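Dumped coords14.cif below, it's mmCIF, C-alpha atoms and all ligand atoms:
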data_query
#
loop_
_atom_site.label_atom_id
_atom_site.label_comp_id
_atom_site.auth_asym_id
_atom_site.auth_seq_id
_atom_site.Cartn_x
_atom_site.Cartn_y
_atom_site.Cartn_z
CA MET A 23 75.46 114.04 100.19
CA SER A 24 78.97 114.71 99.01
CA THR A 25 80.81 117.93 99.78
CA VAL A 26 83.59 117.16 97.33
CA PRO A 27 83.81 119.49 94.31
CA THR A 28 84.39 118.07 90.85
CA VAL A 29 87.04 119.13 88.36
CA PRO A 30 85.94 119.38 84.72
CA LEU A 31 88.01 117.31 82.27
CA ASN A 32 88.86 118.28 78.70
CA ASP A 33 86.55 115.58 77.26
CA GLY A 34 83.39 116.90 78.95
CA ASN A 35 83.51 114.51 81.91
CA ALA A 36 84.18 115.52 85.53
CA ILE A 37 86.18 113.95 88.35
CA PRO A 38 85.73 114.30 92.14
CA GLN A 39 88.69 116.40 93.32
CA LEU A 40 89.23 114.21 96.40
CA GLY A 41 89.46 110.43 96.19
CA PHE A 42 90.94 107.42 97.95
CA GLY A 43 94.23 105.80 96.83
CA VAL A 44 94.89 102.10 97.32
CA PHE A 45 98.62 101.78 96.46
CA GLN A 46 100.27 99.32 98.89
CA ILE A 47 97.00 98.17 100.41
CA PRO A 48 97.30 94.37 100.46
CA PRO A 49 94.71 92.70 98.19
CA ALA A 50 93.03 90.94 101.13
CA GLN A 51 92.49 94.25 102.98
CA THR A 52 91.41 96.31 100.01
CA ALA A 53 87.65 95.64 100.02
CA GLU A 54 87.50 96.60 103.70
CA ALA A 55 89.51 99.82 103.26
CA VAL A 56 87.45 100.83 100.21
CA GLY A 57 84.26 100.05 102.13
CA GLU A 58 85.40 102.31 104.97
CA ALA A 59 86.24 105.12 102.52
CA LEU A 60 82.82 104.85 100.85
CA ARG A 61 81.07 104.95 104.26
CA VAL A 62 82.96 108.17 105.06
CA GLY A 63 81.83 109.68 101.75
CA TYR A 64 84.64 109.21 99.21
CA ARG A 65 83.27 108.52 95.71
CA HIS A 66 86.52 108.23 93.76
CA ILE A 67 88.95 105.29 94.02
CA ASP A 68 92.42 105.25 92.45
CA THR A 69 93.85 101.78 91.76
CA ALA A 70 96.17 100.21 89.18
CA GLU A 71 96.91 96.82 87.65
CA MET A 72 100.31 97.07 89.35
CA TYR A 73 98.71 97.25 92.81
CA ARG A 74 97.14 93.79 92.36
CA ASN A 75 94.05 94.90 94.27
CA GLU A 76 91.53 95.82 91.58
CA GLN A 77 89.41 92.84 92.61
CA GLY A 78 89.21 94.15 96.19
CA VAL A 79 88.22 97.58 94.88
CA GLY A 80 85.35 96.03 92.92
CA GLU A 81 84.26 93.95 95.93
CA GLY A 82 84.34 96.95 98.26
CA ILE A 83 82.17 98.99 95.91
CA ARG A 84 79.63 96.20 95.38
CA ALA A 85 79.43 95.49 99.14
CA SER A 86 78.70 99.19 99.80
CA GLY A 87 75.38 98.89 97.99
CA LEU A 88 76.16 102.08 96.07
CA ASP A 89 75.21 102.14 92.43
CA ARG A 90 78.23 101.69 90.17
CA SER A 91 77.50 105.06 88.58
CA LYS A 92 78.03 106.82 91.92
CA VAL A 93 81.70 105.86 92.22
CA PHE A 94 84.48 107.19 89.98
CA ILE A 95 87.02 104.41 89.34
CA THR A 96 90.52 104.95 87.93
CA SER A 97 92.90 102.17 86.98
CA LYS A 98 96.23 102.09 85.13
CA LEU A 99 97.98 99.95 82.54
CA ASN A 100 100.82 97.93 84.00
CA ASN A 101 104.36 98.41 82.69
CA GLY A 102 104.60 95.00 81.01
CA TYR A 103 101.69 95.70 78.68
CA HIS A 104 102.64 98.66 76.49
CA GLU A 105 102.39 96.69 73.22
CA PRO A 106 98.88 97.45 71.89
CA ASP A 107 97.68 93.83 71.89
CA ASP A 108 98.94 93.37 75.44
CA ALA A 109 97.26 96.63 76.45
CA ARG A 110 93.95 95.39 75.02
CA ARG A 111 94.18 92.11 76.93
CA ALA A 112 95.27 93.88 80.13
CA PHE A 113 92.36 96.32 79.89
CA ASP A 114 89.88 93.44 79.47
CA GLU A 115 91.39 91.87 82.59
CA THR A 116 91.11 95.15 84.54
CA LEU A 117 87.37 95.26 83.84
CA ARG A 118 87.06 91.59 84.81
CA GLN A 119 88.96 92.09 88.07
CA LEU A 120 86.90 95.16 88.98
CA GLY A 121 83.69 93.39 87.96
CA THR A 122 82.45 96.34 85.93
CA ASP A 123 81.91 97.02 82.25
CA TYR A 124 83.64 100.41 82.26
CA VAL A 125 86.16 102.48 84.17
CA ASP A 126 85.78 106.22 84.57
CA LEU A 127 89.45 106.82 83.85
CA PHE A 128 92.25 104.63 82.50
CA LEU A 129 95.88 105.76 82.50
CA ILE A 130 99.24 104.69 81.09
CA HIS A 131 100.98 104.22 84.45
CA TRP A 132 104.55 105.12 83.35
CA PRO A 133 105.92 106.39 80.02
CA LEU A 134 108.91 103.98 80.07
CA PRO A 135 110.90 106.00 77.51
CA THR A 136 113.82 103.55 77.68
CA LEU A 137 111.66 100.48 76.93
CA TYR A 138 109.54 99.48 73.89
CA ASP A 139 111.78 101.68 71.68
CA GLY A 140 110.32 104.61 73.61
CA ASP A 141 107.01 104.00 71.86
CA PHE A 142 104.26 105.02 74.25
CA VAL A 143 102.42 106.52 71.26
CA SER A 144 101.04 103.20 70.01
CA THR A 145 100.08 102.42 73.62
CA TRP A 146 98.17 105.70 73.78
CA LYS A 147 96.37 104.82 70.53
CA ALA A 148 95.17 101.59 72.19
CA LEU A 149 93.74 103.69 75.05
CA GLU A 150 92.00 105.88 72.44
CA GLU A 151 90.18 102.72 71.30
CA PHE A 152 88.99 102.05 74.88
CA LYS A 153 87.62 105.56 75.02
CA GLN A 154 85.96 105.24 71.63
CA ASP A 155 84.22 101.99 72.57
CA GLY A 156 83.01 103.55 75.84
CA ARG A 157 84.74 101.14 78.20
CA ALA A 158 86.99 103.95 79.46
CA ARG A 159 84.95 107.12 79.92
CA SER A 160 88.16 109.17 80.05
CA ILE A 161 91.80 108.37 79.32
CA GLY A 162 94.98 109.92 80.61
CA VAL A 163 98.59 109.36 81.52
CA SER A 164 100.72 109.18 84.62
CA ASN A 165 104.30 110.26 85.20
CA PHE A 166 104.55 111.86 81.76
CA GLN A 167 107.18 114.57 81.40
CA VAL A 168 106.73 117.62 79.17
CA ASP A 169 108.52 116.06 76.18
CA HIS A 170 106.32 112.94 76.45
CA LEU A 171 103.18 115.09 76.45
CA GLU A 172 104.49 117.07 73.49
CA ARG A 173 104.97 113.86 71.56
CA LEU A 174 101.38 112.80 72.16
CA ALA A 175 100.24 116.27 71.08
CA HIS A 176 102.14 115.99 67.78
CA GLU A 177 101.46 112.35 66.96
CA THR A 178 97.94 111.60 68.22
CA ASP A 179 94.44 113.09 68.21
CA THR A 180 93.59 112.98 71.92
CA VAL A 181 94.96 115.26 74.63
CA PRO A 182 95.15 113.25 77.89
CA ALA A 183 92.37 114.22 80.32
CA VAL A 184 94.78 114.01 83.27
CA ASN A 185 98.45 113.56 84.09
CA GLN A 186 98.95 111.85 87.45
CA ILE A 187 102.34 112.95 88.79
CA GLU A 188 104.32 113.02 92.01
CA LEU A 189 103.48 116.34 93.68
CA HIS A 190 103.67 117.44 97.33
CA PRO A 191 105.17 120.36 99.26
CA TYR A 192 108.73 119.04 98.89
CA PHE A 193 108.34 118.43 95.13
CA LEU A 194 106.10 120.87 93.26
CA ASN A 195 106.91 119.34 89.84
CA GLN A 196 106.26 122.82 88.54
CA GLU A 197 107.21 122.49 84.87
CA VAL A 198 104.96 119.47 84.27
CA ARG A 199 102.09 121.00 86.21
CA ALA A 200 102.36 124.29 84.29
CA TYR A 201 102.32 122.42 80.95
CA GLY A 202 99.12 120.69 82.05
CA GLU A 203 97.52 123.98 83.00
CA GLU A 204 98.38 125.50 79.63
CA HIS A 205 97.08 122.54 77.65
CA GLY A 206 93.90 121.58 79.51
CA ILE A 207 95.36 118.49 81.19
CA ALA A 208 94.17 118.18 84.81
CA THR A 209 96.92 117.48 87.35
CA GLU A 210 96.50 114.62 89.78
CA ALA A 211 98.99 114.74 92.67
CA TRP A 212 100.23 111.34 93.78
CA SER A 213 101.75 110.80 97.24
CA PRO A 214 100.08 114.09 98.25
CA ILE A 215 101.48 113.94 101.79
CA ALA A 216 104.78 112.44 100.55
CA GLN A 217 103.81 109.16 102.25
CA GLY A 218 103.90 110.99 105.57
CA GLU A 219 107.27 112.73 105.11
CA VAL A 220 105.87 116.27 105.14
CA LEU A 221 103.74 115.80 108.24
CA ASP A 222 106.45 116.84 110.73
CA ASP A 223 107.59 119.86 108.74
CA PRO A 224 107.85 122.93 111.04
CA THR A 225 106.06 125.29 108.63
CA VAL A 226 103.21 122.83 108.09
CA THR A 227 103.04 122.17 111.84
CA GLU A 228 102.81 125.88 112.60
CA ILE A 229 99.97 126.35 110.10
CA ALA A 230 98.23 123.26 111.51
CA GLU A 231 98.38 124.67 115.04
CA LYS A 232 97.07 128.02 113.87
CA THR A 233 94.14 126.52 111.94
CA GLU A 234 93.48 123.80 114.55
CA ARG A 235 93.76 121.08 111.92
CA SER A 236 96.10 118.13 111.51
CA THR A 237 99.19 118.53 109.35
CA ALA A 238 97.74 116.01 106.87
CA GLN A 239 94.58 118.11 106.54
CA VAL A 240 96.61 121.27 105.97
CA VAL A 241 98.65 119.68 103.18
CA LEU A 242 95.62 118.09 101.52
CA ARG A 243 93.71 121.39 101.73
CA TRP A 244 96.74 123.12 100.17
CA HIS A 245 96.51 120.75 97.17
CA LEU A 246 92.79 121.41 96.77
CA GLN A 247 93.23 125.19 96.85
CA ARG A 248 95.93 124.90 94.16
CA GLY A 249 93.47 122.98 91.95
CA SER A 250 95.09 119.53 92.05
CA ILE A 251 93.15 116.28 92.32
CA VAL A 252 94.26 114.15 95.31
CA PHE A 253 93.59 110.65 96.66
CA PRO A 254 95.47 110.07 99.92
CA LYS A 255 95.92 106.44 100.95
CA SER A 256 95.29 105.07 104.41
CA VAL A 257 94.24 101.80 105.96
CA THR A 258 93.52 103.52 109.30
CA PRO A 259 89.81 104.37 109.75
CA GLU A 260 90.49 107.58 111.76
CA ARG A 261 92.87 108.84 109.07
CA ILE A 262 90.48 107.91 106.24
CA LYS A 263 87.92 110.12 107.98
CA GLU A 264 90.40 112.89 108.83
CA ASN A 265 91.60 113.07 105.21
CA PHE A 266 88.03 113.65 104.05
CA GLU A 267 87.36 116.57 106.40
CA LEU A 268 88.80 119.31 104.22
CA PHE A 269 85.83 121.44 103.27
CA ASP A 270 85.07 123.49 106.37
CA PHE A 271 88.26 125.52 106.55
CA GLU A 272 90.50 127.51 104.23
CA LEU A 273 94.18 128.41 104.09
CA SER A 274 95.19 132.01 103.50
CA ASP A 275 97.03 132.86 100.28
CA ASP A 276 100.02 133.59 102.45
CA ASP A 277 100.01 130.10 103.98
CA VAL A 278 99.52 128.50 100.55
CA GLY A 279 102.61 130.44 99.43
CA ARG A 280 104.63 129.44 102.49
CA ILE A 281 103.95 125.75 101.83
CA GLU A 282 104.92 126.25 98.17
CA GLY A 283 108.18 127.67 99.51
CA LEU A 284 109.10 124.23 100.89
CA ASP A 285 109.81 122.93 97.37
CA ARG A 286 113.19 121.19 97.10
CA GLY A 287 113.10 120.69 93.35
CA GLU A 288 114.44 117.33 92.09
CA GLU A 289 115.92 116.69 95.56
CA GLY A 290 112.40 116.50 96.90
CA ARG A 291 111.31 113.54 94.77
CA ILE A 292 110.49 110.43 96.79
CA GLY A 293 109.55 108.23 93.82
CA PRO A 294 111.42 107.25 90.65
CA ASN A 295 112.37 109.70 87.91
CA PRO A 296 110.03 108.97 84.96
CA ASP A 297 112.82 109.59 82.44
CA ARG A 298 114.71 106.60 83.83
CA PHE A 299 112.10 104.37 85.46
CA ALA A 300 112.04 101.02 83.64
CA HIS A 301 110.66 98.53 86.14
CA VAL A 302 108.42 95.80 84.75
CA PRO A 303 106.77 93.79 87.55
CA ALA A 304 107.21 90.02 87.22
N1 LIG B 401 100.82 106.98 89.41
C1 LIG B 401 101.79 106.63 90.21
O1 LIG B 401 102.90 106.31 89.76
C2 LIG B 401 101.54 106.64 91.68
C3 LIG B 401 102.60 106.48 92.58
C4 LIG B 401 102.33 106.52 93.96
C5 LIG B 401 101.02 106.71 94.39
N2 LIG B 401 100.01 106.82 93.49
C6 LIG B 401 98.59 107.02 93.93
O2 LIG B 401 98.54 108.05 94.92
C7 LIG B 401 97.93 107.53 96.10
C8 LIG B 401 98.47 108.22 97.33
O3 LIG B 401 99.89 108.13 97.39
P1 LIG B 401 100.68 107.20 98.42
O4 LIG B 401 99.83 106.05 98.80
O5 LIG B 401 101.99 106.88 97.79
O6 LIG B 401 101.03 108.15 99.63
P2 LIG B 401 100.26 109.22 100.54
O7 LIG B 401 98.80 109.17 100.32
O8 LIG B 401 101.00 110.51 100.36
O9 LIG B 401 100.62 108.69 102.01
C9 LIG B 401 100.17 107.45 102.48
C10 LIG B 401 100.87 107.16 103.83
O10 LIG B 401 100.56 108.18 104.78
C11 LIG B 401 99.90 107.62 105.90
N3 LIG B 401 98.79 108.54 106.22
C12 LIG B 401 97.66 108.74 105.49
N4 LIG B 401 96.86 109.66 106.05
C13 LIG B 401 97.50 110.07 107.17
C14 LIG B 401 97.17 111.00 108.19
N5 LIG B 401 96.03 111.69 108.16
N6 LIG B 401 98.05 111.17 109.21
C15 LIG B 401 99.21 110.47 109.25
N7 LIG B 401 99.58 109.58 108.30
C16 LIG B 401 98.72 109.36 107.29
C17 LIG B 401 99.42 106.24 105.49
O11 LIG B 401 99.47 105.36 106.59
P3 LIG B 401 98.34 104.23 106.93
O12 LIG B 401 97.86 103.65 105.64
O13 LIG B 401 99.12 103.25 107.75
O14 LIG B 401 97.26 104.92 107.71
C18 LIG B 401 100.48 105.85 104.46
O15 LIG B 401 101.64 105.36 105.11
C19 LIG B 401 98.27 106.04 96.02
O16 LIG B 401 97.48 105.25 96.91
C20 LIG B 401 98.00 105.76 94.56
O17 LIG B 401 96.60 105.69 94.32
C21 LIG B 401 100.25 106.80 92.15
#
Go ahead and render the structure in this file as structure tokens.
Amino acid sequence: MSTVPTVPLNDGNAIPQLGFGVFQIPPAQTAEAVGEALRVGYRHIDTAEMYRNEQGVGEGIRASGLDRSKVFITSKLNNGYHEPDDARRAFDETLRQLGTDYVDLFLIHWPLPTLYDGDFVSTWKALEEFKQDGRARSIGVSNFQVDHLERLAHETDTVPAVNQIELHPYFLNQEVRAYGEEHGIATEAWSPIAQGEVLDDPTVTEIAEKTERSTAQVVLRWHLQRGSIVFPKSVTPERIKENFELFDFELSDDDVGRIEGLDRGEEGRIGPNPDRFAHVPA
């Protein structure tokens, strides 16, 4: 039985608020890590074409014996495939790699405003097709800034179900998150523990000591109480378990506010700036 709440999406679907991320898990270790996560109780896996481990995700789910319908799978379009025909082929390949006939959520991984003549609109229209034909139950974006979201709102018929953005105590990404809240776009927080960088923070450490939890649990709980969807990554079984144990304690409003106070604005980013990011994997 899962203790994880779901977040309603603007298309009528719902997503488990806590999942398991597989960025930087080597393909050969992915099935094992996903299997461990599913044993612990996670029912939401976040992968991407760029991670090269969709096949391992599919294998891990099949080996668990769980019915496909019990696991929420997200994948993302790689940066080399924004042209609609390329996006269609890449999406077919994603389903083949995962060994499934649908994904629960498919995202444009990066807006790439300096590539493809800045045209992520035709890419988004290709994703609308995947939603219409039922092979993507929900569609969304990742790393979209407010002006990118505004463009989709003006030029297309579908509001993204989610925007998956960098968000952690050192980088609240407040403007993008607020836009999502106002427009019914759920916020997914990537690198929720800043790849470990926030775990030695004195404020977080103090709250962890007070609540008798680990610093990772405090930060992940903070995300949940603020309404974000998270999917911490780990290949370490004890941490996979620890990161799932978030539902038997609560942070005070004061502590939530103190962690928000750690925001460093743009200085706090650990990943690329989406306005400039233009990497296309070979
Ligand atoms: N859309 C995007 O552009 C984008 C970008 C980045 C990430 N993401 C997604 O977000 C997910 C999470 O982000 P992330 O992988 O970058 O970083 P993260 O989840 O913030 O941190 C992962 C790192 O923290 C360590 N860790 C995990 N749990 C821990 C714990 N309880 N105590 C101490 N250390 C712990 C892991 O080590 P071990 O593995 O060695 O245990 C790993 O080095 C990704 O897997 C991916 O699904 C999306």
Report as a PyMOL selection string all protein, DNA and RNA residues lying within 12 Å of Thr136 in chain A, evaluated on all atoms listed in the file, omitting residues in the same chain fewer than 4 positions from it. chain A and resi 101+132+140-142+296-302
Using only C-alpha atoms, the shortest atom-to-atom distance to Ser86 in chain A among A:Ala55, A:Val252, A:Leu137, A:Ala175 belongs to A:Ala55
Can you list, as an NGL selection string, every protein, DNA or RNA residue that comes within 8 Å of Gly80 in chain A when you count all atoms listed in the file, leaving out same-chain residues fewer than 5 positions away? :A and (53 or 119-122)
Selected residues, C-alpha atoms, written as an mmCIF file, in the coordinates of the input, please.
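The file below, out.cif, is the result:
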data_model
loop_
_atom_site.group_PDB
_atom_site.id
_atom_site.type_symbol
_atom_site.label_atom_id
_atom_site.label_comp_id
_atom_site.auth_asym_id
_atom_site.auth_seq_id
_atom_site.Cartn_x
_atom_site.Cartn_y
_atom_site.Cartn_z
ATOM 1 C CA ALA A 53 87.650 95.640 100.020
ATOM 2 C CA GLN A 119 88.960 92.090 88.070
ATOM 3 C CA LEU A 120 86.900 95.160 88.980
ATOM 4 C CA GLY A 121 83.690 93.390 87.960
ATOM 5 C CA THR A 122 82.450 96.340 85.930
#
Would you mind listing the residues within 6 Å of ligand LIG 401 (chain B), counting all atoms listed in the file, as a PDB file with C-alpha atoms, keeping the file's coordinate frame?
ATOM      1  CA  GLY A  43      94.230 105.800  96.830  1.00  0.00           C
ATOM      2  CA  VAL A  44      94.890 102.100  97.320  1.00  0.00           C
ATOM      3  CA  PHE A  45      98.620 101.780  96.460  1.00  0.00           C
ATOM      4  CA  ASP A  68      92.420 105.250  92.450  1.00  0.00           C
ATOM      5  CA  THR A  69      93.850 101.780  91.760  1.00  0.00           C
ATOM      6  CA  HIS A 131     100.980 104.220  84.450  1.00  0.00           C
ATOM      7  CA  SER A 164     100.720 109.180  84.620  1.00  0.00           C
ATOM      8  CA  GLN A 186      98.950 111.850  87.450  1.00  0.00           C
ATOM      9  CA  TRP A 212     100.230 111.340  93.780  1.00  0.00           C
ATOM     10  CA  SER A 213     101.750 110.800  97.240  1.00  0.00           C
ATOM     11  CA  PRO A 214     100.080 114.090  98.250  1.00  0.00           C
ATOM     12  CA  ILE A 215     101.480 113.940 101.790  1.00  0.00           C
ATOM     13  CA  ALA A 216     104.780 112.440 100.550  1.00  0.00           C
ATOM     14  CA  GLN A 217     103.810 109.160 102.250  1.00  0.00           C
ATOM     15  CA  GLY A 218     103.900 110.990 105.570  1.00  0.00           C
ATOM     16  CA  ALA A 238      97.740 116.010 106.870  1.00  0.00           C
ATOM     17  CA  PHE A 253      93.590 110.650  96.660  1.00  0.00           C
ATOM     18  CA  PRO A 254      95.470 110.070  99.920  1.00  0.00           C
ATOM     19  CA  LYS A 255      95.920 106.440 100.950  1.00  0.00           C
ATOM     20  CA  SER A 256      95.290 105.070 104.410  1.00  0.00           C
ATOM     21  CA  VAL A 257      94.240 101.800 105.960  1.00  0.00           C
ATOM     22  CA  THR A 258      93.520 103.520 109.300  1.00  0.00           C
ATOM     23  CA  ARG A 261      92.870 108.840 109.070  1.00  0.00           C
ATOM     24  CA  GLU A 264      90.400 112.890 108.830  1.00  0.00           C
ATOM     25  CA  ASN A 265      91.600 113.070 105.210  1.00  0.00           C
TER      26      ASN A 265
END
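Excluding Asp107 in chain A itself and any same-chain residue fewer than 3 positions from it, the protein and nucleic acid residues within 12 Å of it, counting all atoms listed in the file, are Gly102, Tyr103, His104, Arg110, Arg111, Ala112, Phe113, Asp114, Ser144, Thr145, Lys147, Ala148, Leu149 and Glu151 of chain A.
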Atoms kept (C-alpha atoms) for selection, written as an mmCIF file, in the coordinates of the input:
data_model
loop_
_atom_site.group_PDB
_atom_site.id
_atom_site.type_symbol
_atom_site.label_atom_id
_atom_site.label_comp_id
_atom_site.auth_asym_id
_atom_site.auth_seq_id
_atom_site.Cartn_x
_atom_site.Cartn_y
_atom_site.Cartn_z
ATOM 1 C CA GLY A 102 104.600 95.000 81.010
ATOM 2 C CA TYR A 103 101.690 95.700 78.680
ATOM 3 C CA HIS A 104 102.640 98.660 76.490
ATOM 4 C CA ARG A 110 93.950 95.390 75.020
ATOM 5 C CA ARG A 111 94.180 92.110 76.930
ATOM 6 C CA ALA A 112 95.270 93.880 80.130
ATOM 7 C CA PHE A 113 92.360 96.320 79.890
ATOM 8 C CA ASP A 114 89.880 93.440 79.470
ATOM 9 C CA SER A 144 101.040 103.200 70.010
ATOM 10 C CA THR A 145 100.080 102.420 73.620
ATOM 11 C CA LYS A 147 96.370 104.820 70.530
ATOM 12 C CA ALA A 148 95.170 101.590 72.190
ATOM 13 C CA LEU A 149 93.740 103.690 75.050
ATOM 14 C CA GLU A 151 90.180 102.720 71.300
#
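We find CA of Pro191 in chain A and CA of Val29 in chain A to be spaced 21.2 Å apart.
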Identify, on the basis of all atoms listed in the file, every residue whose closest approach to Ser250 in chain A does not exceed 10 Å; exclude the query and any residue fewer than 4 positions from it along the same chain; express the result as a list of chain:residue names. A:Val29, A:Gln39, A:Leu40, A:Gln186, A:Leu189, A:Arg199, A:Ala208, A:Thr209, A:Glu210, A:Ala211, A:Trp212, A:Pro214, A:Leu242, A:Arg243, A:Trp244, A:His245, A:Leu246
For Pro49 in chain A, which residue among A:Ile37, A:Asn75, A:Tyr64, A:His170 is the nearest when counting only C-alpha atoms? A:Asn75
Measuring between all atoms listed in the file, which one of A:Ala230, A:Ile207, A:Phe269, A:Glu282 shows the shortest distance to Thr25 in chain A? A:Phe269
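Using all atoms listed in the file, the smallest distance between any of A:Phe266, A:Phe271, A:Phe94, A:Phe166 and Pro133 in chain A comes from A:Phe166.
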Selection: 9 Å around Thr178 in chain A, all atoms listed in the file, excl. self and same-chain fewer than 3 positions, as an NGL selection string: :A and (143 or 146-147 or 173-175 or 181)
Identify which of the residues A:Asp275, A:Asp155, A:Glu231, A:Asp222 lies closest to Gln247 in chain A, counting all atoms listed in the file when measuring atom-to-atom distances. A:Asp275
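Nearest-residue note for Glu115 in chain A: choosing from A:Lys153, A:Arg84, A:Arg61, A:Arg74, the minimum distance belongs to A:Arg74, counting all atoms listed in the file.
When CA of Gln239 in chain A is paired with CA of Thr52 in chain A, their separation reads 23.0 Å.
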Export range 122-129 of chain A of the preceding structure, keeping all heavy atoms, as a PDB file, in the first residue's frame.
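Below is the file part_0.pdb, written as the result:
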ATOM      1  N   THR A 122       6.897  -0.644 -23.538  1.00  0.00           N
ATOM      2  CA  THR A 122       5.523  -0.367 -23.124  1.00  0.00           C
ATOM      3  C   THR A 122       4.813   0.310 -24.295  1.00  0.00           C
ATOM      4  O   THR A 122       5.457   0.826 -25.204  1.00  0.00           O
ATOM      5  CB  THR A 122       5.511   0.543 -21.883  1.00  0.00           C
ATOM      6  OG1 THR A 122       4.160   0.793 -21.484  1.00  0.00           O
ATOM      7  CG2 THR A 122       6.181   1.879 -22.136  1.00  0.00           C
ATOM      8  N   ASP A 123       3.479   0.304 -24.272  1.00  0.00           N
ATOM      9  CA  ASP A 123       2.801   0.977 -25.385  1.00  0.00           C
ATOM     10  C   ASP A 123       2.310   2.380 -25.019  1.00  0.00           C
ATOM     11  O   ASP A 123       1.650   3.028 -25.818  1.00  0.00           O
ATOM     12  CB  ASP A 123       1.680   0.107 -25.988  1.00  0.00           C
ATOM     13  CG  ASP A 123       0.717  -0.406 -24.941  1.00  0.00           C
ATOM     14  OD1 ASP A 123       0.803   0.070 -23.781  1.00  0.00           O
ATOM     15  OD2 ASP A 123      -0.113  -1.272 -25.265  1.00  0.00           O
ATOM     16  N   TYR A 124       2.629   2.827 -23.799  1.00  0.00           N
ATOM     17  CA  TYR A 124       2.330   4.226 -23.473  1.00  0.00           C
ATOM     18  C   TYR A 124       3.256   4.694 -22.351  1.00  0.00           C
ATOM     19  O   TYR A 124       3.774   3.888 -21.566  1.00  0.00           O
ATOM     20  CB  TYR A 124       0.862   4.399 -23.022  1.00  0.00           C
ATOM     21  CG  TYR A 124       0.567   3.824 -21.655  1.00  0.00           C
ATOM     22  CD1 TYR A 124       0.592   4.630 -20.507  1.00  0.00           C
ATOM     23  CD2 TYR A 124       0.286   2.465 -21.489  1.00  0.00           C
ATOM     24  CE1 TYR A 124       0.344   4.103 -19.244  1.00  0.00           C
ATOM     25  CE2 TYR A 124       0.039   1.934 -20.230  1.00  0.00           C
ATOM     26  CZ  TYR A 124       0.069   2.755 -19.116  1.00  0.00           C
ATOM     27  OH  TYR A 124      -0.160   2.222 -17.868  1.00  0.00           O
ATOM     28  N   VAL A 125       3.472   5.998 -22.285  1.00  0.00           N
ATOM     29  CA  VAL A 125       4.085   6.583 -21.082  1.00  0.00           C
ATOM     30  C   VAL A 125       3.011   7.411 -20.385  1.00  0.00           C
ATOM     31  O   VAL A 125       2.055   7.883 -21.010  1.00  0.00           O
ATOM     32  CB  VAL A 125       5.312   7.483 -21.392  1.00  0.00           C
ATOM     33  CG1 VAL A 125       6.508   6.649 -21.821  1.00  0.00           C
ATOM     34  CG2 VAL A 125       4.984   8.555 -22.409  1.00  0.00           C
ATOM     35  N   ASP A 126       3.188   7.575 -19.090  1.00  0.00           N
ATOM     36  CA  ASP A 126       2.225   8.390 -18.336  1.00  0.00           C
ATOM     37  C   ASP A 126       2.446   9.871 -18.588  1.00  0.00           C
ATOM     38  O   ASP A 126       1.496  10.661 -18.520  1.00  0.00           O
ATOM     39  CB  ASP A 126       2.359   8.053 -16.849  1.00  0.00           C
ATOM     40  CG  ASP A 126       1.975   6.611 -16.600  1.00  0.00           C
ATOM     41  OD1 ASP A 126       0.772   6.341 -16.458  1.00  0.00           O
ATOM     42  OD2 ASP A 126       2.863   5.742 -16.628  1.00  0.00           O
ATOM     43  N   LEU A 127       3.699  10.233 -18.861  1.00  0.00           N
ATOM     44  CA  LEU A 127       4.032  11.644 -19.051  1.00  0.00           C
ATOM     45  C   LEU A 127       5.231  11.747 -19.976  1.00  0.00           C
ATOM     46  O   LEU A 127       6.218  11.014 -19.806  1.00  0.00           O
ATOM     47  CB  LEU A 127       4.355  12.263 -17.669  1.00  0.00           C
ATOM     48  CG  LEU A 127       4.763  13.729 -17.597  1.00  0.00           C
ATOM     49  CD1 LEU A 127       3.649  14.647 -18.104  1.00  0.00           C
ATOM     50  CD2 LEU A 127       5.123  14.107 -16.141  1.00  0.00           C
ATOM     51  N   PHE A 128       5.126  12.623 -20.974  1.00  0.00           N
ATOM     52  CA  PHE A 128       6.255  12.843 -21.895  1.00  0.00           C
ATOM     53  C   PHE A 128       6.516  14.343 -21.955  1.00  0.00           C
ATOM     54  O   PHE A 128       5.581  15.141 -22.083  1.00  0.00           O
ATOM     55  CB  PHE A 128       5.930  12.281 -23.282  1.00  0.00           C
ATOM     56  CG  PHE A 128       7.153  12.137 -24.163  1.00  0.00           C
ATOM     57  CD1 PHE A 128       8.166  11.243 -23.826  1.00  0.00           C
ATOM     58  CD2 PHE A 128       7.284  12.898 -25.315  1.00  0.00           C
ATOM     59  CE1 PHE A 128       9.301  11.111 -24.636  1.00  0.00           C
ATOM     60  CE2 PHE A 128       8.410  12.770 -26.124  1.00  0.00           C
ATOM     61  CZ  PHE A 128       9.420  11.877 -25.787  1.00  0.00           C
ATOM     62  N   LEU A 129       7.800  14.705 -21.827  1.00  0.00           N
ATOM     63  CA  LEU A 129       8.173  16.121 -21.728  1.00  0.00           C
ATOM     64  C   LEU A 129       9.130  16.534 -22.851  1.00  0.00           C
ATOM     65  O   LEU A 129       9.946  15.722 -23.300  1.00  0.00           O
ATOM     66  CB  LEU A 129       8.892  16.382 -20.396  1.00  0.00           C
ATOM     67  CG  LEU A 129       8.254  15.874 -19.104  1.00  0.00           C
ATOM     68  CD1 LEU A 129       9.150  16.220 -17.909  1.00  0.00           C
ATOM     69  CD2 LEU A 129       6.869  16.446 -18.917  1.00  0.00           C
TER      70      LEU A 129
END
